[in-house]
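Undergrad: File name structure.pdb; file contents PDB, C-alpha atoms; full text below.
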```pdb
MODEL        1
ATOM      1  CA  MET A   8       7.097 -11.825 -14.096
ATOM      2  CA  LEU A   9       6.285  -8.206 -14.905
ATOM      3  CA  GLU A  10       2.924  -8.735 -16.607
ATOM      4  CA  ASN A  11       0.469  -8.027 -13.792
ATOM      5  CA  THR A  12       0.147  -4.953 -11.617
ATOM      6  CA  LYS A  13       1.208  -5.726  -8.055
ATOM      7  CA  ILE A  14      -1.074  -4.278  -5.355
ATOM      8  CA  ILE A  15       0.800  -3.764  -2.087
ATOM      9  CA  ASP A  16      -1.121  -3.276   1.170
ATOM     10  CA  GLY A  17       0.948  -0.613   2.937
ATOM     11  CA  ARG A  18      -0.534  -1.262   6.389
ATOM     12  CA  ASP A  19       2.125  -1.704   9.095
ATOM     13  CA  HIS A  20       5.105  -1.415   6.713
ATOM     14  CA  LEU A  21       8.089   0.823   7.481
ATOM     15  CA  LEU A  22       8.209   3.692   4.999
ATOM     16  CA  GLY A  23      11.886   3.691   3.972
ATOM     17  CA  ARG A  24      12.198  -0.083   3.672
ATOM     18  CA  LEU A  25       8.983  -0.352   1.658
ATOM     19  CA  ALA A  26      10.020   2.541  -0.599
ATOM     20  CA  SER A  27      13.431   1.042  -1.423
ATOM     21  CA  VAL A  28      11.939  -2.341  -2.424
ATOM     22  CA  VAL A  29       9.228  -0.651  -4.514
ATOM     23  CA  ALA A  30      11.744   1.680  -6.212
ATOM     24  CA  LYS A  31      13.879  -1.287  -7.294
ATOM     25  CA  GLU A  32      10.831  -3.078  -8.728
ATOM     26  CA  LEU A  33       9.643   0.042 -10.572
ATOM     27  CA  LEU A  34      13.045   0.466 -12.219
ATOM     28  CA  ALA A  35      12.887  -3.182 -13.320
ATOM     29  CA  GLY A  36       9.588  -2.464 -15.112
ATOM     30  CA  GLN A  37       6.994  -3.687 -12.591
ATOM     31  CA  LYS A  38       3.725  -1.724 -12.237
ATOM     32  CA  ILE A  39       2.859  -1.186  -8.568
ATOM     33  CA  VAL A  40      -0.136   0.195  -6.676
ATOM     34  CA  ILE A  41       0.259   0.916  -2.947
ATOM     35  CA  VAL A  42      -2.996   1.078  -0.982
ATOM     36  CA  ARG A  43      -3.589   2.084   2.660
ATOM     37  CA  CYS A  44      -0.698   4.568   2.617
ATOM     38  CA  ASP A  45      -2.310   6.219   5.657
ATOM     39  CA  GLU A  46      -1.357   3.116   7.711
ATOM     40  CA  VAL A  47       2.313   3.001   6.660
ATOM     41  CA  CYS A  48       4.614   3.510   9.684
ATOM     42  CA  ILE A  49       7.756   5.518  10.340
ATOM     43  CA  SER A  50      10.098   4.665  13.239
ATOM     44  CA  GLY A  51      10.262   7.282  15.996
ATOM     45  CA  SER A  52       7.561   8.990  18.040
ATOM     46  CA  LEU A  53       4.939  11.338  16.606
ATOM     47  CA  VAL A  54       6.576  14.334  18.347
ATOM     48  CA  ARG A  55       9.955  13.532  16.776
ATOM     49  CA  ASN A  56       8.473  13.080  13.303
ATOM     50  CA  ARG A  57       6.449  16.294  13.594
ATOM     51  CA  VAL A  58       9.667  18.194  14.397
ATOM     52  CA  LYS A  59      11.394  16.600  11.386
ATOM     53  CA  TYR A  60       8.433  17.498   9.138
ATOM     54  CA  ALA A  61       8.487  21.103  10.442
ATOM     55  CA  GLN A  62      12.190  21.340   9.514
ATOM     56  CA  PHE A  63      11.373  19.923   6.075
ATOM     57  CA  ARG A  64       8.593  22.501   5.566
ATOM     58  CA  LYS A  65      11.055  25.346   6.179
ATOM     59  CA  LYS A  66      13.031  24.306   3.097
ATOM     60  CA  ARG A  67      11.730  26.513   0.299
ATOM     61  CA  MET A  68      12.880  28.760  -2.505
ATOM     62  CA  ASN A  69      13.874  32.055  -0.940
ATOM     63  CA  THR A  70      12.732  34.424  -3.687
ATOM     64  CA  ASN A  71       9.631  32.579  -4.908
ATOM     65  CA  PRO A  72       8.340  29.761  -2.647
ATOM     66  CA  SER A  73       5.592  28.849  -5.142
ATOM     67  CA  ARG A  74       8.294  27.292  -7.340
ATOM     68  CA  GLY A  75       9.031  24.589  -4.764
ATOM     69  CA  PRO A  76      10.092  22.423  -3.125
ATOM     70  CA  PHE A  77       6.533  21.286  -2.489
ATOM     71  CA  HIS A  78       5.554  19.760   0.852
ATOM     72  CA  PHE A  79       2.714  17.274   0.467
ATOM     73  CA  LYS A  80       0.334  16.737   3.362
ATOM     74  CA  SER A  81      -1.529  13.602   2.265
ATOM     75  CA  PRO A  82       0.005  10.223   3.231
ATOM     76  CA  ALA A  83      -0.247   8.870  -0.333
ATOM     77  CA  ARG A  84       1.772  11.799  -1.714
ATOM     78  CA  MET A  85       4.320  11.528   1.133
ATOM     79  CA  VAL A  86       4.906   7.874   0.185
ATOM     80  CA  TRP A  87       5.060   8.812  -3.516
ATOM     81  CA  ARG A  88       7.647  11.536  -2.818
ATOM     82  CA  THR A  89       9.789   9.152  -0.733
ATOM     83  CA  ILE A  90       9.870   6.673  -3.626
ATOM     84  CA  ARG A  91      10.569   9.490  -6.092
ATOM     85  CA  GLY A  92      13.798  10.181  -4.214
ATOM     86  CA  MET A  93      14.866   6.555  -4.736
ATOM     87  CA  VAL A  94      14.408   6.372  -8.510
ATOM     88  CA  HIS A  95      16.649   8.636 -10.589
ATOM     89  CA  GLN A  96      13.690  10.877 -11.385
ATOM     90  CA  LYS A  97      15.552  13.508 -13.399
ATOM     91  CA  SER A  98      16.329  10.938 -16.090
ATOM     92  CA  ALA A  99      13.864   9.477 -18.599
ATOM     93  CA  ARG A 100      14.285   6.032 -17.009
ATOM     94  CA  GLY A 101      13.358   7.411 -13.590
ATOM     95  CA  GLN A 102      10.311   9.242 -14.949
ATOM     96  CA  ASP A 103       9.160   6.034 -16.665
ATOM     97  CA  ALA A 104       9.582   4.143 -13.399
ATOM     98  CA  LEU A 105       7.580   6.768 -11.514
ATOM     99  CA  SER A 106       4.763   6.574 -14.074
ATOM    100  CA  ARG A 107       4.326   2.892 -13.105
ATOM    101  CA  LEU A 108       3.514   3.825  -9.490
ATOM    102  CA  SER A 109       0.142   4.711  -7.955
ATOM    103  CA  THR A 110      -0.455   5.443  -4.261
ATOM    104  CA  PHE A 111      -3.776   5.691  -2.401
ATOM    105  CA  GLU A 112      -5.156   6.269   1.071
ATOM    106  CA  GLY A 113      -7.558   3.482   2.001
ATOM    107  CA  ILE A 114      -8.424   0.839  -0.588
ATOM    108  CA  PRO A 115     -10.488   2.418  -3.392
ATOM    109  CA  HIS A 116     -12.413   0.523  -6.086
ATOM    110  CA  PRO A 117     -11.317  -1.605  -8.016
ATOM    111  CA  TYR A 118      -8.390  -2.575  -5.732
ATOM    112  CA  ASP A 119     -10.708  -3.629  -2.892
ATOM    113  CA  LYS A 120     -11.721  -6.672  -4.975
ATOM    114  CA  GLN A 121      -8.183  -7.652  -6.020
ATOM    115  CA  LYS A 122      -5.456  -9.699  -4.365
ATOM    116  CA  ARG A 123      -3.114  -7.641  -2.205
ATOM    117  CA  VAL A 124       0.418  -8.564  -1.144
ATOM    118  CA  VAL A 125       2.860  -7.470   1.572
ATOM    119  CA  VAL A 126       6.636  -6.949   1.548
ATOM    120  CA  PRO A 127       8.027  -9.112   4.408
ATOM    121  CA  ALA A 128      11.384  -7.277   4.340
ATOM    122  CA  ALA A 129       9.592  -4.032   5.252
ATOM    123  CA  LEU A 130       7.067  -5.187   7.882
ATOM    124  CA  ARG A 131       7.246  -3.253  11.151
ATOM    125  CA  THR A 132       6.626  -6.339  13.310
ATOM    126  CA  ILE A 133       9.675  -8.042  11.768
ATOM    127  CA  ARG A 134      12.013  -5.063  11.390
ATOM    128  CA  LEU A 135      11.362  -2.802  14.396
ATOM    129  CA  LYS A 136      12.505  -3.825  17.883
ATOM    130  CA  VAL A 137       9.663  -4.506  20.320
ATOM    131  CA  GLY A 138       8.876  -1.469  22.469
ATOM    132  CA  ARG A 139      10.276   1.117  20.039
ATOM    133  CA  ASP A 140       8.119   4.132  19.193
ATOM    134  CA  PHE A 141       6.643   4.428  15.731
ATOM    135  CA  THR A 142       4.384   6.900  13.948
ATOM    136  CA  VAL A 143       1.472   6.058  11.658
ATOM    137  CA  MET A 144       1.517   8.228   8.512
ATOM    138  CA  GLY A 145      -2.186   9.099   8.811
ATOM    139  CA  ASP A 146      -1.622  10.600  12.282
ATOM    140  CA  LEU A 147       1.417  12.570  11.119
ATOM    141  CA  ALA A 148      -0.423  13.877   8.053
ATOM    142  CA  HIS A 149      -3.462  14.823  10.177
ATOM    143  CA  SER A 150      -1.229  16.720  12.616
ATOM    144  CA  VAL A 151       0.336  18.784   9.789
ATOM    145  CA  GLY A 152      -2.936  19.719   8.093
ATOM    146  CA  TRP A 153      -4.323  16.762   6.086
ATOM    147  CA  LYS A 154      -8.110  17.127   6.297
ATOM    148  CA  HIS A 155      -9.522  13.746   5.236
ATOM    149  CA  LYS A 156      -8.763  11.428   8.159
ATOM    150  CA  ASP A 157     -12.387  11.254   9.378
ATOM    151  CA  LEU A 158     -13.799  10.794   5.875
ATOM    152  CA  LEU A 159     -11.327   7.990   5.172
ATOM    153  CA  LYS A 160     -12.226   6.270   8.461
ATOM    154  CA  LYS A 161     -15.919   6.319   7.493
ATOM    155  CA  LEU A 162     -15.232   4.945   3.996
ATOM    156  CA  GLU A 163     -12.925   2.205   5.328
ATOM    157  CA  GLU A 164     -15.547   1.057   7.868
ATOM    158  CA  LYS A 165     -18.072   0.786   5.049
ATOM    159  CA  ARG A 166     -15.581  -1.150   2.881
ATOM    160  CA  LYS A 167     -14.739  -3.576   5.703
ATOM    161  CA  VAL A 168     -18.419  -4.456   6.202
ATOM    162  CA  GLN A 169     -18.783  -5.174   2.474
ATOM    163  CA  SER A 170     -15.556  -7.217   2.301
ATOM    164  CA  GLU A 171     -16.601  -9.325   5.322
ATOM    165  CA  ALA A 172     -19.946 -10.124   3.620
ATOM    166  CA  PHE A 173     -18.097 -11.029   0.407
ATOM    167  CA  PHE A 174     -15.681 -13.289   2.318
ATOM    168  CA  GLN A 175     -18.462 -15.184   4.111
ATOM    169  CA  LYS A 176     -20.230 -15.698   0.770
ATOM    170  CA  LYS A 177     -16.981 -16.972  -0.789
ATOM    171  CA  LYS A 178     -16.379 -19.378   2.134
ATOM    172  CA  ALA A 179     -19.901 -20.816   1.768
ATOM    173  CA  LYS A 180     -19.369 -21.248  -1.973
ATOM    174  CA  ASP A 181     -16.023 -23.048  -1.434
ATOM    175  CA  LEU A 182     -17.626 -25.369   1.129
ATOM    176  CA  LEU A 183     -20.379 -26.315  -1.328
ATOM    177  CA  LYS A 184     -17.762 -26.987  -4.014
ATOM    178  CA  GLN A 185     -15.798 -29.288  -1.691
ATOM    179  CA  LYS A 186     -18.977 -31.182  -0.769
ATOM    180  CA  ALA A 187     -19.871 -31.593  -4.472
ATOM    181  CA  ILE A 188     -16.367 -32.934  -5.253
ATOM    182  CA  ALA A 189     -16.554 -35.389  -2.330
ATOM    183  CA  ALA A 190     -20.022 -36.566  -3.414
ATOM    184  CA  ALA A 191     -18.935 -37.109  -7.041
ATOM    185  CA  GLU A 192     -15.656 -38.860  -6.154
ATOM    186  CA  SER A 193     -17.045 -42.419  -6.340
ATOM    187  CA  ASP A 194     -18.752 -41.725  -9.694
ATOM    188  CA  LEU A 195     -15.573 -40.302 -11.195
ATOM    189  CA  ALA A 196     -13.172 -43.015  -9.932
ATOM    190  CA  ASN A 197     -13.121 -44.875 -13.285
ATOM    191  CA  ALA A 198     -12.694 -41.714 -15.334
ATOM    192  CA  SER A 199      -9.932 -40.492 -12.993
ATOM    193  CA  SER A 200      -7.951 -43.721 -13.333
ATOM    194  CA  VAL A 201      -8.138 -43.502 -17.169
ATOM    195  CA  LEU A 202      -7.042 -39.858 -17.099
ATOM    196  CA  GLU A 203      -4.158 -40.612 -14.722
ATOM    197  CA  ALA A 204      -2.961 -43.405 -17.015
ATOM    198  CA  ALA A 205      -3.012 -40.908 -19.894
ATOM    199  CA  GLY A 206      -0.884 -38.471 -17.826
ATOM    200  CA  TYR A 207      -3.519 -35.938 -16.754
TER     201      TYR A 207
ENDMDL
END
```
Please re-express this file's structure in structure tokens.
TA:
Amino acid sequence: MLENTKIIDGRDHLLGRLASVVAKELLAGQKIVIVRCDEVCISGSLVRNRVKYAQFRKKRMNTNPSRGPFHFKSPARMVWRTIRGMVHQKSARGQDALSRLSTFEGIPHPYDKQKRVVVPAALRTIRLKVGRDFTVMGDLAHSVGWKHKDLLKKLEEKRKVQSEAFFQKKKAKDLLKQKAIAAAESDLANASSVLEAAGY
């Protein structure tokens, strides 16, 4: 169960619900990579979430603010920090769990060529009432000073073109395979019956 690294596509997931599921899995020993953190959603309008982030940024050490708490501006680090609050990170077990987590904006190599999964319990379309406001993390991060929104958009457009070409190639290959199987079916009828009798 815990052998492979799970790659979660964060697009259109609600932040808190996604974080709680991921935290539980990390503590159980699962390695997890979350991609497209810039497209994770938070319930509430952008104005509301900007006000909440401004209140969060005011929380600092009075005598020496450089000692923390630190306020990350990139969506990937915001997601990482949310999950950090859900594993007991001041214990060795929590630190181990956190070391199993990676978060990224966009879908960098090599994860663009690997199978990605979603968490149905955290999907916005399932969990948020129709018509409610929500904020996309990339927009929130951009509004508080994250500088890479345009660069990420350019890289994602390039990746989508490549992935579409790969998908069309894969579809053509699968079609040829199906045709080959159908063409060889009559030739293999005898062999198949022998194999079936033997339990294969």
Undergrad: For a quick check of understanding, using only C-alpha atoms, which of A:Pro82, A:Gly101, A:Pro72, A:Gly17 has the smallest distance to A:Lys154?
TA: A:Pro82
Undergrad: Just so the selection is clear, what residues does the PyMOL selection byres ((chain A and resi 60-71) around 12) cover here, as an MDAnalysis selection string?
TA: chainID A and resid 53:59 72:80 85 144 147:148 150:152
Undergrad: Atom CA of A:Leu105 and atom CA of A:Arg91 are how many Å apart?
TA: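 Atom-to-atom, atom CA of A:Leu105 to atom CA of A:Arg91, that is 6.8 Å.
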Undergrad: Compare A:Ala172, A:Arg107, A:Lys31, A:Gln102 by their minimum atom-to-atom distance to A:Asn11, counting all atoms listed in the file, and give me the closest one.
TA: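 Once distances to A:Asn11 are computed over all atoms listed in the file, the minimum belongs to A:Arg107.
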Undergrad: Counting all atoms listed in the file, figure out which residue out of A:Arg134, A:Ile114, A:Leu182, A:Arg88 gets nearest to A:Lys160.
TA: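 Counting all atoms listed in the file, the residue closest to A:Lys160 is A:Ile114.
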Undergrad: List, as a PyMOL selection string, every residue that the PyMOL selection byres ((chain A and resi 26) around 8) selects in the file provided.
TA: chain A and resi 22-25+27-30+86+89-90+93
Undergrad: Kindly give the distance, in Å, that separates atom CA of A:Ile188 and atom CA of A:Gln169, rounded to a single decimal.
TA: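 Between atom CA of A:Ile188 and atom CA of A:Gln169 the gap works out to 28.9 Å.
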Undergrad: On this file, the PyMOL selection byres ((chain A and resi 13) around 8) gives some set of residues; write that set as a VMD selection string.
TA: chain A and resid 11 to 12 14 to 15 37 to 40 123 to 124
Undergrad: Please measure the separation of atom CA of A:His155 and atom CA of A:Gly113, giving the value in Å to one decimal.
TA: 10.9 Å
